[in-house]
Each structure stands twice: as C-alpha cells, then as structure tokens.
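Q: Okay, handing you the structure first.
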Amino acid sequence: MVNLIGFYALVLGLGLSFPIIFFSIQNFINSKILDKKLIFFTFLQFFLVLISFLGLIISFINSDFSNETVFNHSHTTKPLFYKISGTWGNHEGSLLLWLLVLTSFIFLFFLRSKEQPKKYRILTLLFQQLIIIGFFIFLLKTSSPFNYIFPLPSEGLGLNPILQDPALAIHPPILYVGYVGSSLIFSSALSAMSLNYISKEWAKHIKEWVLISWIFLTIGILIGSIWAYYELGWGGFWFWDPVENVSLMPWLVLTTLLHCILVLEKRLMLTSWVVILSIAAFSLSMCGTFLVRSGILNSVHTFANDPERGLYILIFLFSLIFLSLFIFFFFYKKNEKDKLSFFLVSKETSILINNWFMMYFLSVILIGTIYPIFLDVISSEKISVGPPFYHKLIIPFLIPFLFFMTLGPKLKWIKSDLSDKIYLVIFFILSFLITLQITKHLETKFIFNTILIIFAFHLFFITIKDFVVKRFNNLSQNISHLGFSLFILSILFNNLFSTEVITNLKVGETFSSDKFNIKFEKLSQKKIENYQSIIGKFTIENSNGIIEIMNPELRIYNQPKISTSEADIKTDFFSDRFITMNIVQNQEYFNVRYQTKPLMIWIWLSTLLIALGGITSFFKKKI
Amino acid sequence: MYGRKVKLRFFFITSIFITIILTVFLILRSLEENVVYFQSPSEIQNISEIKKKKIRVGGMVKLNSITANMDEINFIITDFKNEINVIYSGAVPNLFEEGKGVVAEGYLKDKNFFIASKILAKHDENYMPPEVKAALEEK
C-alpha cells in the first residue's frame, strides 16, 4: 500500500512538470506579475516527492520486504535509527533524496527571490524543471525505489555494517544539499545569462545560494572524512580516493565562485568567469554522481554496478553542458558597462591570482581522477594514482597561494599600495623564527613542508591581528581564513610527527620498541542484537612512563555476515592515540595497529571554522 | 606602433598560454612518475625484467596459504593459473580472507616473491575490485 502511494506520488510529481512548464511559458510571455499558480505547483511537486520519500522511510521502518529496495538493504534486527538511515544508504533511496532536495530548493528559491524580476524567476524555474524532469525519469526508469518482489521474502539482506554509523547516517543528506544547491546556481546563472541580468543585484542575490551549498558541502565532506578516519581503520582522514576527489572538485569551484561573486558584487567585473564557474560547479557535481553511480570507481559508495544508469547520467550531463554552452555563446552579452580601470596591486588581482591557483588544484585532481578511467577505456591498462602524485603537485603551490591569501584581504579594491604594510614583514620574520624552532630536527626532504609552515603561521598571525584590531569588520572572511591556516598547520604537523606501529600479537604477548610497549592483555566477547563483538584489552606504555588502556573491537555482523574493526581512539587537544586490531585467518595472531596522531582534532575543528565563516556571512546580512 | 593596451593584452594572453602549457606538462610528467600499474600473477610471470617500481598485484588469496609471525604475514595470491608469494608487514583490512579477492601494493623481489606495503580494503563481501575481476576472467 505504502509502496503504491510512494510510486504514484512520484509519477504524479513528474506529471506536474507539464502544467508547470505550460504556465511558466504563458506567464513569461503574457502577464507582468508572477502567477501564484506557479508557486503552488512547485510546492505541490515538492510535497509529492516528500510523500514518496516518507513512504520509503515507512517501508524501511516496517521492514516491508515486498519492496525490493528494503529487501536489499534492510534487516529486521537492525536498530531503528539505521533502518531509517538505510533509506538513503542505497542507490535508489539516495536518488529519491536528491530529487527531494532538488524540488525543495526551487520552492525555497521562489520564497526568497521576491525582489527579483519576474522573467528571471520564471526562467530559473524552467531550467530547474529540466533538471528535475531528468532526475524523475532517471529515478522511475532505471532505479525505482518501489519495485515489488514476489514471493514475499521473510528476511532482508541487511545494510553493509560500515554504513551503520551515526556519521554516515547524516553524511549523505548534508552532502546532497551541497551538491544539489549548485543546481540552483546553475539554473539561475543560465537564466540571468539569457536575460542579460548578470548584475550587482544578481550577484548579491545568488551569493546567498552559493553560501548555502558551500557550507553544506564543507560540512558534508568533513563528516565523511571523520567517518573514514575512525571507521575504515587506516587512521588517515583523506586518501585521495576518486570518490573523495569528486566531492572536493565542486567544493573548489564553489569556493572560487564565492570569492568571484564578491568581485562581481563590488566591481561588476569577472562576469563571464562567474558564469563559467556556476556552470562548472553543477557539472562537476553531476560528474561526481556519474562516476559514483556508474560503478566505474571502486569504493564504498558504489552500491550497484549498472552501466545503464551511468550512461543515462552521462547523456543527461552532456545535454546540460551543451545547453549551457549554447546559451553562453549565443545569448550572453557582456554587461560590464564602464570599462573599469584595473590595477596590479589591488584586492581584485589577488583574488584573481588565487582563482588561478584554485583552478590549478582543480585540474590536478581532475586529471588524477579521470586519467586512470580514461587509460582503462583506451588501452585496458589498469593503473591507480596515489597520494604522492597529489602531494607533489599541490604542496609547493600552496605556498604562493597562502601568501596571496594573507596579502589579499589587506589590499583595497581598485588600487592599493604596499608602503603601509611593514607589519606583514614583521609577522613573517616571527613566523619564520617559530617554524625554525619547531622543525630544526627535521630532515631536509621536508623543505616544502617547512616553507609551507612559515606561510601558514604568517596567515594565522595576520588573521589573529585582524581579530584584535578590526574586531567585527570582515568577521566571516577572517574566521574562514583563520580556519584555513589552522587546517594547513594541523595537517602538516600531523603528517610530520605521526608515529605508527604495526605488529602481529598473540594474547599475552608484548611488543616493545624505544617509543612504546604494547601489551595484549586479554580478549573478551559480547553479544549484541545484530552483531557479536570481540574486545581486546591493550596496555600501552610510552617512553614517558604514561600508561593507557585501550580497547579496540572486532564486530561480526549477522546479516550481511561481515566483520568490521572498531578503532579505539583517545582524543585530546594535542594528539589522538588510535588502535585497531584484526583477525589473521587460521592463526592465533591478531594484527594490531597503533598510531599517535598529533593535532588530529584540530583538522576537524579548523574545517568547522572554515564553514563557520560561511555561516557568519550568511546570517550577517539578515541582522 | 601598437598602443599600450594592445601590448598589455598580448602580454597577458601569452603568459596565460604559457602557464597552461607548463601546468599540463607538469601534471602529466608527475603522473607518469607516480602511477601504480596493476598486474595479475600471470602477467608477472611473463615480464622480462624486474623493475624497481611500485605495482599492484591482485587475485584470490589461496586457500590455507596465510601464515603469520610477529613481524609479518605471508600468503599467496593466485589467479588459478599462476601464483605469487606475498610478504607483508602492515595492517590487514577486515575482508582479508582465504578464498576472497585481494589487491596488494608494493615491490617485486623476483618473479615469485612480492614485498607488499599495503593491502587494499574492500568494503563489501560481494564486491570484487574491477581489476581483480578482469584478471580472474582472463584465465
């Protein structure tokens, strides 16, 4: 019953697209004011998708195994919380969620764009409808979440245990708001371009939407990264895995866009650049969906490998890109009325320079992600591109990037001079001395890292100084930039000063080195509803004589029958201690991995700070 | 002569052009140095010389082949045609089991011994890395 309602709500929702398009066009040509019917229909469409989504959630809660999606991804013994989160922990459900956000955003857009011209609003709706229809058809045709199974199975197949985790329950919805938010920027840019409405007012209005997507994307990536840190048991936070990269690429574009929009709003410059970025942000989000959903990449996110799905998204993506290029070349007229003077030493220049660096980082990541796929297709040679590639190409260029990030906010718009910037030099010398103190015992192969630390400290001190001197002026930018300097610093220290021990131990044995003694005390067992757990007890004594007891865990889930290691992590403000253990099959040995990771928590906190800057900027205008 | 503006624009466009070329060159060069090739045990038997380059080897973990001591874990990767001994000291992922697919990354010692520095995790019991699948299908 619920299944039927869910399915027909979707069909009706798709059907509603026709009156929406019909009335939009009519309204666009004829009347002066916006037809209220349109707002109502957009709401109705959102409402229908919501009903369908709730229907799927109810099927999951009731463990209704006549539904194929529920059967494939749920189990009666699963805790209620994970039954609900299982709704979007699979391909079909996550696409329904995507559609839900898509329809809710266009409705919200209507509510929040009352001062905008009527034609612009309607045209944005039309472009957004194109995307919505595309996803409706995709969902109904290739991946309906409401397929029946007959005869009725008595038990489901269960959700992959590593997805049964609070962080991963909220990771997809947050990330999706970020991804899908970029669709609205895309539609809006296309519409503003066709109507020749790229202006300071438009920049001001669309900035809000860029901020929303950017904030959610930042937090979404952060949560995914934290999850990977404690759940996958490798103790790292970023693996340059293709799936991580595809979320980072739209983020980079959105960050660039956020800065360009400022230039557009203040100076009416870089209009074409803003438009290109708006298109790129959404195309890369779609590209991410394509890579993840097509099963080309190998990762946790690859739910099911179905070439038909990938092909559909690819065709859809290319038609959207083609459409936007068509509009860009044939409808778009440059709107920079007064040919503005452009001086070398100014805020615009530094923003522009860092834009180019961002695009460089983007192309490195894009090539590193796409190249292996490309090579596989043309020569069927299997390769992988690992972290060294990215580190080598990104780290050195972060140095000038950080420098312009420090300098830029200190410069004025239009024209500025450097004579009153002596304090920059003083702080630079200070950063240099501090770095020298910290890194004097390091080998010379870390030369780039050391220079990077200097510049990160520099940015850090300058932003701190701004907090003291300027207080609430430029608060949001200061918070984000401070966050970024802390982010770079904590990553570098984390990398340079981490230690790791990997060994195989039997119960009762001790591993000794000059840094730690790790004693495997005992094993105990526990039985929980949907898994069995084996808990190890380890005492770790470090060279200062401090003793810590840690309890890593191994879980063997009943459905699906998979074992996972749960790391035990002790966190404080200075460092994380991280231990995992694993069974070595048919042996008495356990594989034990112990790591100390300095400043780990600061990587998370600084990313939060970066996002917080965006949040402050979002709310500042309201007050 | 040309005006200042034209000269400036010319300078601007050339510098952008040069930057882009340099960037692409730089990226492709380090790509060449840093890619890791994937090989099956049979492919390793057929290579002519042992290079000092990181590779990935994939296939099935042979039944009853895992042994361990305090420092290392040894096992055999097979594609049911040829096999290779792997010496590994490092952390093992959860789904590392005999009779299941595996991908190991490291250096070849000779055609029969592989020193692995990493074993790749997979996250789903039914899931097989595309490389391993292709390698097994070739037999």
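Just remember, in the structure tokens the first chain shown is A, the second B, etc., residues are 1-based per chain, and ligands are 1-based in the order shown.
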Which residues, written as a compact mmCIF listing (two decimals) with C-alpha atoms, in the first residue's frame, have at least one atom at most 7 Å from Gly106 (chain B), with only C-alpha atoms counted and residues fewer than 3 positions away on the same chain left out?

A:
# COMPACT_ATOMS: atom_id res chain seq x y z
CA LYS B 54 55.68 0.16 -7.21
CA ILE B 55 52.95 -2.08 -8.61
CA ARG B 56 49.69 -3.64 -7.53
CA ILE B 115 57.04 -7.40 -0.82
CA ALA B 116 53.75 -5.65 -0.09
CA SER B 117 53.47 -2.39 1.78
CA LYS B 118 49.71 -2.11 1.64

Q: How would you write, as an MDAnalysis selection string, the set of residues in region 18-133 of chain B that DSSP gives as helix (DSSP H, G or I)?

A: chainID B and resid 18:34 41:46 130:133

Q: Suppose you want the space between CA of Ile76 (chain B) and CA of Tyr589 (chain A); what is it in Å?

A: 17.9 Å

Q: CA of Pro409 (chain A) to CA of Ile488 (chain A): how many Å, to one decimal?

A: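 Separation of CA of Pro409 (chain A) and CA of Ile488 (chain A): 18.5 Å.
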
Q: Neighbouring residues of Leu362 (chain A) were defined as those with any atom within 7 Å, considering only C-alpha atoms; residues of the same chain fewer than 4 positions away were excluded. Please report them as a PyMOL selection string.

A: chain A and resi 249+252+358+366

Q: Which of region 57-112 of chain B end up as strand (DSSP E) when DSSP is run on this backbone - answer as JSON, numbers by chain?

A: {"B": [57, 58, 59, 60, 61, 67, 68, 73, 74, 75, 76, 77, 78, 83, 84, 85, 86, 87, 88, 101, 102, 103, 104, 105, 106, 107, 108]}

Q: Could you list, as a list of chain:residue names, every residue within 6 Å of Lys100 (chain B), counting only C-alpha atoms and ignoring same-chain residues fewer than 2 positions away?

A: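 In the requested format, the answer is B:Met60, B:Val61, B:Glu97, B:Glu98.
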
Q: Can you pull out the residues contacting Ile353 (chain A)? Cut-off 9 Å, using only C-alpha atoms, and skip same-chain residues under 4 positions away; I want them as a PyMOL selection string.

A: chain A and resi 348-349+357-358+401+404

Q: Find the residues around Leu26 (chain B) up to 12 Å (only C-alpha atoms counted), leave out those fewer than 3 positions away in its own chain, and share them as number ranges by chain.

A: A: 360, 363-364, 367, 389-390, 392-394; B: 19-23, 29-33

Q: Could you check how far CA of Met600 (chain A) sits from CA of Phe239 (chain A), in Å to one decimal?

A: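 Computing it gives 15.3 Å between the two atoms.
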
Q: Which residue is closest to chain B? Choose from A:Leu159, A:Val385, A:Leu608, A:Leu436 and count only C-alpha atoms.

A: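 Among the listed residues, the smallest separation from chain B belongs to A:Val385.
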
Q: Just the residues within 12 Å of Glu43 (chain B), please, counting only C-alpha atoms, with nothing from its chain fewer than 3 positions along; format it as a PyMOL selection string.

A: (chain A and resi 381) or (chain B and resi 37-40+46-48+55-59+78-79+81-84+111-112+135-136+138-139)

Q: How would the residues just chosen look if you wrote them out with N, CA and C atoms as a PDB file, in the first residue's frame?

A:
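Wrote result_1.pdb, looks like this:
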ATOM      1  N   GLU A 381      44.648  -0.820 -19.735  1.00  0.00           N
ATOM      2  CA  GLU A 381      45.694  -0.959 -18.746  1.00  0.00           C
ATOM      3  C   GLU A 381      45.164  -0.431 -17.417  1.00  0.00           C
TER       4      GLU A 381
ATOM      5  N   TYR B  37      50.892   0.587 -11.600  1.00  0.00           N
ATOM      6  CA  TYR B  37      50.248  -0.325 -12.544  1.00  0.00           C
ATOM      7  C   TYR B  37      49.749  -1.557 -11.833  1.00  0.00           C
ATOM      8  N   PHE B  38      48.686  -2.090 -12.372  1.00  0.00           N
ATOM      9  CA  PHE B  38      48.088  -3.286 -11.797  1.00  0.00           C
ATOM     10  C   PHE B  38      48.464  -4.499 -12.637  1.00  0.00           C
ATOM     11  N   GLN B  39      48.930  -5.570 -11.970  1.00  0.00           N
ATOM     12  CA  GLN B  39      49.271  -6.777 -12.704  1.00  0.00           C
ATOM     13  C   GLN B  39      48.737  -8.024 -12.022  1.00  0.00           C
ATOM     14  N   SER B  40      48.440  -9.027 -12.818  1.00  0.00           N
ATOM     15  CA  SER B  40      47.995 -10.294 -12.239  1.00  0.00           C
ATOM     16  C   SER B  40      49.215 -11.200 -12.124  1.00  0.00           C
ATOM     17  N   ASN B  46      55.265 -13.293 -16.980  1.00  0.00           N
ATOM     18  CA  ASN B  46      55.667 -13.008 -18.359  1.00  0.00           C
ATOM     19  C   ASN B  46      56.568 -11.788 -18.519  1.00  0.00           C
ATOM     20  N   ILE B  47      56.804 -11.036 -17.446  1.00  0.00           N
ATOM     21  CA  ILE B  47      57.613  -9.838 -17.644  1.00  0.00           C
ATOM     22  C   ILE B  47      59.079 -10.205 -17.794  1.00  0.00           C
ATOM     23  N   SER B  48      59.811  -9.348 -18.512  1.00  0.00           N
ATOM     24  CA  SER B  48      61.192  -9.692 -18.829  1.00  0.00           C
ATOM     25  C   SER B  48      62.169  -9.246 -17.746  1.00  0.00           C
ATOM     26  N   ILE B  55      54.067  -1.554  -7.829  1.00  0.00           N
ATOM     27  CA  ILE B  55      52.945  -2.077  -8.615  1.00  0.00           C
ATOM     28  C   ILE B  55      51.860  -2.613  -7.686  1.00  0.00           C
ATOM     29  N   ARG B  56      50.740  -2.956  -8.277  1.00  0.00           N
ATOM     30  CA  ARG B  56      49.693  -3.638  -7.532  1.00  0.00           C
ATOM     31  C   ARG B  56      49.499  -5.026  -8.116  1.00  0.00           C
ATOM     32  N   VAL B  57      49.324  -5.985  -7.231  1.00  0.00           N
ATOM     33  CA  VAL B  57      49.057  -7.341  -7.676  1.00  0.00           C
ATOM     34  C   VAL B  57      47.706  -7.740  -7.118  1.00  0.00           C
ATOM     35  N   GLY B  58      46.889  -8.365  -7.940  1.00  0.00           N
ATOM     36  CA  GLY B  58      45.571  -8.747  -7.457  1.00  0.00           C
ATOM     37  C   GLY B  58      45.191 -10.132  -7.894  1.00  0.00           C
ATOM     38  N   GLY B  59      44.307 -10.748  -7.122  1.00  0.00           N
ATOM     39  CA  GLY B  59      43.816 -12.082  -7.432  1.00  0.00           C
ATOM     40  C   GLY B  59      43.109 -12.616  -6.205  1.00  0.00           C
ATOM     41  N   THR B  78      46.686 -15.926  -6.065  1.00  0.00           N
ATOM     42  CA  THR B  78      46.609 -16.780  -7.245  1.00  0.00           C
ATOM     43  C   THR B  78      45.555 -16.266  -8.217  1.00  0.00           C
ATOM     44  N   ASP B  79      45.785 -16.466  -9.506  1.00  0.00           N
ATOM     45  CA  ASP B  79      44.699 -16.237 -10.465  1.00  0.00           C
ATOM     46  C   ASP B  79      44.311 -17.565 -11.091  1.00  0.00           C
ATOM     47  N   LYS B  81      46.116 -19.824 -12.247  1.00  0.00           N
ATOM     48  CA  LYS B  81      46.940 -20.214 -13.368  1.00  0.00           C
ATOM     49  C   LYS B  81      48.377 -20.115 -12.881  1.00  0.00           C
ATOM     50  N   ASN B  82      48.673 -18.959 -12.332  1.00  0.00           N
ATOM     51  CA  ASN B  82      49.970 -18.735 -11.704  1.00  0.00           C
ATOM     52  C   ASN B  82      49.741 -18.166 -10.326  1.00  0.00           C
ATOM     53  N   GLU B  83      50.784 -18.242  -9.499  1.00  0.00           N
ATOM     54  CA  GLU B  83      50.637 -17.649  -8.181  1.00  0.00           C
ATOM     55  C   GLU B  83      51.909 -16.936  -7.759  1.00  0.00           C
ATOM     56  N   ILE B  84      51.767 -16.104  -6.720  1.00  0.00           N
ATOM     57  CA  ILE B  84      52.929 -15.361  -6.252  1.00  0.00           C
ATOM     58  C   ILE B  84      52.881 -15.274  -4.729  1.00  0.00           C
ATOM     59  N   LYS B 111      60.302 -12.954  -9.509  1.00  0.00           N
ATOM     60  CA  LYS B 111      59.020 -13.329 -10.092  1.00  0.00           C
ATOM     61  C   LYS B 111      58.119 -14.094  -9.129  1.00  0.00           C
ATOM     62  N   ASN B 112      58.702 -14.611  -8.046  1.00  0.00           N
ATOM     63  CA  ASN B 112      57.893 -15.408  -7.128  1.00  0.00           C
ATOM     64  C   ASN B 112      57.612 -14.740  -5.790  1.00  0.00           C
ATOM     65  N   ALA B 135      41.186  -9.686 -14.045  1.00  0.00           N
ATOM     66  CA  ALA B 135      42.328 -10.598 -14.035  1.00  0.00           C
ATOM     67  C   ALA B 135      41.859 -12.048 -13.949  1.00  0.00           C
ATOM     68  N   LEU B 136      40.803 -12.291 -13.155  1.00  0.00           N
ATOM     69  CA  LEU B 136      40.322 -13.653 -12.993  1.00  0.00           C
ATOM     70  C   LEU B 136      39.563 -14.123 -14.225  1.00  0.00           C
ATOM     71  N   GLU B 138      40.268 -13.405 -17.236  1.00  0.00           N
ATOM     72  CA  GLU B 138      41.169 -13.641 -18.350  1.00  0.00           C
ATOM     73  C   GLU B 138      41.638 -15.082 -18.451  1.00  0.00           C
ATOM     74  N   LYS B 139      41.608 -15.790 -17.322  1.00  0.00           N
ATOM     75  CA  LYS B 139      42.209 -17.126 -17.296  1.00  0.00           C
ATOM     76  C   LYS B 139      41.517 -18.088 -18.255  1.00  0.00           C
TER      77      LYS B 139
END

Q: Using only C-alpha atoms, can you tell me which of A:Glu265, A:Asp241, A:Asp420, A:Asp35 comes closest to chain B?

A: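 Under the stated criterion, the closest residue is A:Asp241.
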
Q: What residues in chain A have any atom no more than 7 Å from chain B when counting only C-alpha atoms, and can you write them as a PyMOL selection string?

A: chain A and resi 160+298+300+364+382-386+388-389+502-505+562-565+582+585+587+589+591+593

Q: Write a file of the selected residues as a tab-separated table (two decimals), in the first residue's frame, keeping N, CA and C atoms.

A:
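Listed below is the output, selection-v3.tsv:
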chain	number	residue	atom	x	y	z
A	160	ASN	N	25.15	-2.93	4.73
A	160	ASN	CA	26.59	-3.06	4.97
A	160	ASN	C	26.96	-2.41	6.31
A	298	ASN	N	35.92	2.21	-7.73
A	298	ASN	CA	35.72	1.15	-6.75
A	298	ASN	C	35.79	1.72	-5.35
A	300	VAL	N	33.27	2.45	-1.36
A	300	VAL	CA	32.09	2.20	-0.53
A	300	VAL	C	30.82	2.71	-1.18
A	364	VAL	N	44.61	19.41	-11.34
A	364	VAL	CA	45.41	18.29	-10.83
A	364	VAL	C	44.50	17.17	-10.37
A	382	LYS	N	45.41	-1.20	-16.33
A	382	LYS	CA	44.86	-0.78	-15.05
A	382	LYS	C	45.93	-0.05	-14.23
A	383	ILE	N	45.64	1.19	-13.91
A	383	ILE	CA	46.59	1.91	-13.07
A	383	ILE	C	45.84	2.58	-11.94
A	384	SER	N	46.59	3.05	-10.95
A	384	SER	CA	45.96	3.89	-9.94
A	384	SER	C	46.91	5.03	-9.62
A	385	VAL	N	46.34	6.15	-9.25
A	385	VAL	CA	47.13	7.33	-8.95
A	385	VAL	C	47.03	7.56	-7.45
A	386	GLY	N	48.17	7.55	-6.79
A	386	GLY	CA	48.13	7.59	-5.33
A	386	GLY	C	48.44	8.97	-4.77
A	388	PRO	N	51.11	10.34	-3.48
A	388	PRO	CA	52.34	11.08	-3.82
A	388	PRO	C	52.13	12.04	-4.98
A	389	PHE	N	51.34	11.63	-5.97
A	389	PHE	CA	51.06	12.48	-7.12
A	389	PHE	C	50.44	13.80	-6.68
A	502	ILE	N	52.90	-1.34	13.53
A	502	ILE	CA	52.01	-2.41	13.09
A	502	ILE	C	52.68	-3.73	13.42
A	503	THR	N	51.98	-4.59	14.12
A	503	THR	CA	52.60	-5.85	14.53
A	503	THR	C	51.53	-6.93	14.66
A	504	ASN	N	51.96	-8.17	14.71
A	504	ASN	CA	51.03	-9.27	14.95
A	504	ASN	C	51.29	-9.83	16.35
A	505	LEU	N	50.25	-9.89	17.18
A	505	LEU	CA	50.43	-10.32	18.56
A	505	LEU	C	49.46	-11.45	18.90
A	562	ILE	N	29.54	-9.88	7.87
A	562	ILE	CA	30.76	-9.13	7.60
A	562	ILE	C	31.39	-8.77	8.93
A	563	SER	N	32.71	-8.80	8.98
A	563	SER	CA	33.33	-8.32	10.21
A	563	SER	C	33.91	-6.92	9.97
A	564	THR	N	33.85	-6.10	11.00
A	564	THR	CA	34.45	-4.77	10.91
A	564	THR	C	35.30	-4.54	12.15
A	565	SER	N	36.34	-3.75	12.01
A	565	SER	CA	37.11	-3.38	13.20
A	565	SER	C	36.65	-2.02	13.66
A	582	ASN	N	42.79	-6.78	14.20
A	582	ASN	CA	42.10	-7.56	13.19
A	582	ASN	C	42.54	-9.02	13.27
A	585	GLN	N	43.45	-14.82	9.60
A	585	GLN	CA	42.70	-16.05	9.46
A	585	GLN	C	43.54	-17.29	9.75
A	587	GLN	N	45.12	-18.25	12.19
A	587	GLN	CA	46.31	-18.08	13.01
A	587	GLN	C	45.87	-17.61	14.39
A	589	TYR	N	47.42	-15.29	15.78
A	589	TYR	CA	47.85	-13.90	15.85
A	589	TYR	C	46.72	-12.91	15.55
A	591	ASN	N	46.35	-8.95	14.20
A	591	ASN	CA	47.07	-7.87	13.55
A	591	ASN	C	46.72	-6.57	14.27
A	593	ARG	N	47.40	-2.44	15.05
A	593	ARG	CA	47.96	-1.21	14.50
A	593	ARG	C	47.75	-0.09	15.51
